[in-house]
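Student: First the structure, then my questions, so here it is.
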Amino acid sequence: MLSEKIRNIIRNKKNAAAVAVLVTAGIILIMLSSFSADKKEIKNSCEKPQTDFAQDYCSQTEERLRVFLEKIEGAGEVEVYLTIGSGERYVYVSEEKRSESENKTEEEEKYVLIGGSSSREPLIETVEVPKITGAVIVCTGCKSPVVEERIYKAAAAALDIPTADIYVTIMK
């Protein structure tokens, strides 16, 4: 039944031409999508070191905070889990050009590029570390409200985040 409808459509020359165009367009789209998939893979492989850097930074900060918090009197054993809002951020060197005429001011900003003619890249001014957005702290000694308050304040000061973004609880 379906094959008969397809045969009837193809028998008409105009319909056959339309089907051929659609099939060709489909093949071209498939080929184009394979090219864009290759670009995505390249992009992701470039982003992987950034993710590794952010993860390493987070792990190191968790460990340093854990060791620090265990030094608080009464804290006992401590575990720390941090969340980060984004990976590291690159700030590039730029040049500004400003021209003024009677009624008009034009500003233009361009990145400073380095490298040869075939591979030019923007010059990095600084790399900002990932922003810590929250913390969960589990410890054996926070049965005491005094110890719990000390942990909240120490973590907030060490991470430069508000106490509302920190959760402290008792370790089982």
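Residues in the structure tokens are numbered from 1 in each chain, the chains being A, B, ... in the order shown, and ligands are numbered from 1 in the order shown.
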Could you please write out, as a ChimeraX atom specification, every residue of range 31-159 of chain A that DSSP assigns to strand (DSSP E)?
Tutor: /A:78-84,89-92,94-100,105-111,113-114,121-122,124-128,132-139
Student: Using only C-alpha atoms, find each residue in range 41-119 of chain A having at least one atom no more than 8 Å away from range 128-138 of chain A; report its shortest atom-to-atom pair and that distance in Å (one decimal), rows by chain then rising number, as CSV.
Tutor:
residue,atom,partner,partner_atom,distance
A:Ala54,CA,A:Pro130,CA,6.2
A:Tyr57,CA,A:Pro130,CA,7.7
A:Val78,CA,A:Val138,CA,5.7
A:Glu79,CA,A:Val138,CA,5.2
A:Val80,CA,A:Ile137,CA,4.7
A:Tyr81,CA,A:Val136,CA,5.1
A:Leu82,CA,A:Ala135,CA,4.5
A:Thr83,CA,A:Gly134,CA,5.2
A:Ile84,CA,A:Ile132,CA,4.3
A:Gly85,CA,A:Lys131,CA,5.6
A:Ser86,CA,A:Pro130,CA,5.7
A:Gly87,CA,A:Pro130,CA,4.9
A:Glu88,CA,A:Pro130,CA,4.7
A:Arg89,CA,A:Glu128,CA,5.0
A:Tyr90,CA,A:Glu128,CA,6.3
A:Val91,CA,A:Glu128,CA,7.6
Student: Pick the closest to Thr126 in chain A from A:Met171, A:Ile72, A:Val93, A:Ile161: which is it, counting only C-alpha atoms?
Tutor: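 Of the candidates, the smallest distance to Thr126 in chain A is held by A:Val93.
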Student: Which is closest to Val127 in chain A among A:Gln60, A:Val146, A:Phe53, A:Asp160, if we use only C-alpha atoms?
Tutor: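 Closest residue, counting only C-alpha atoms: A:Phe53.
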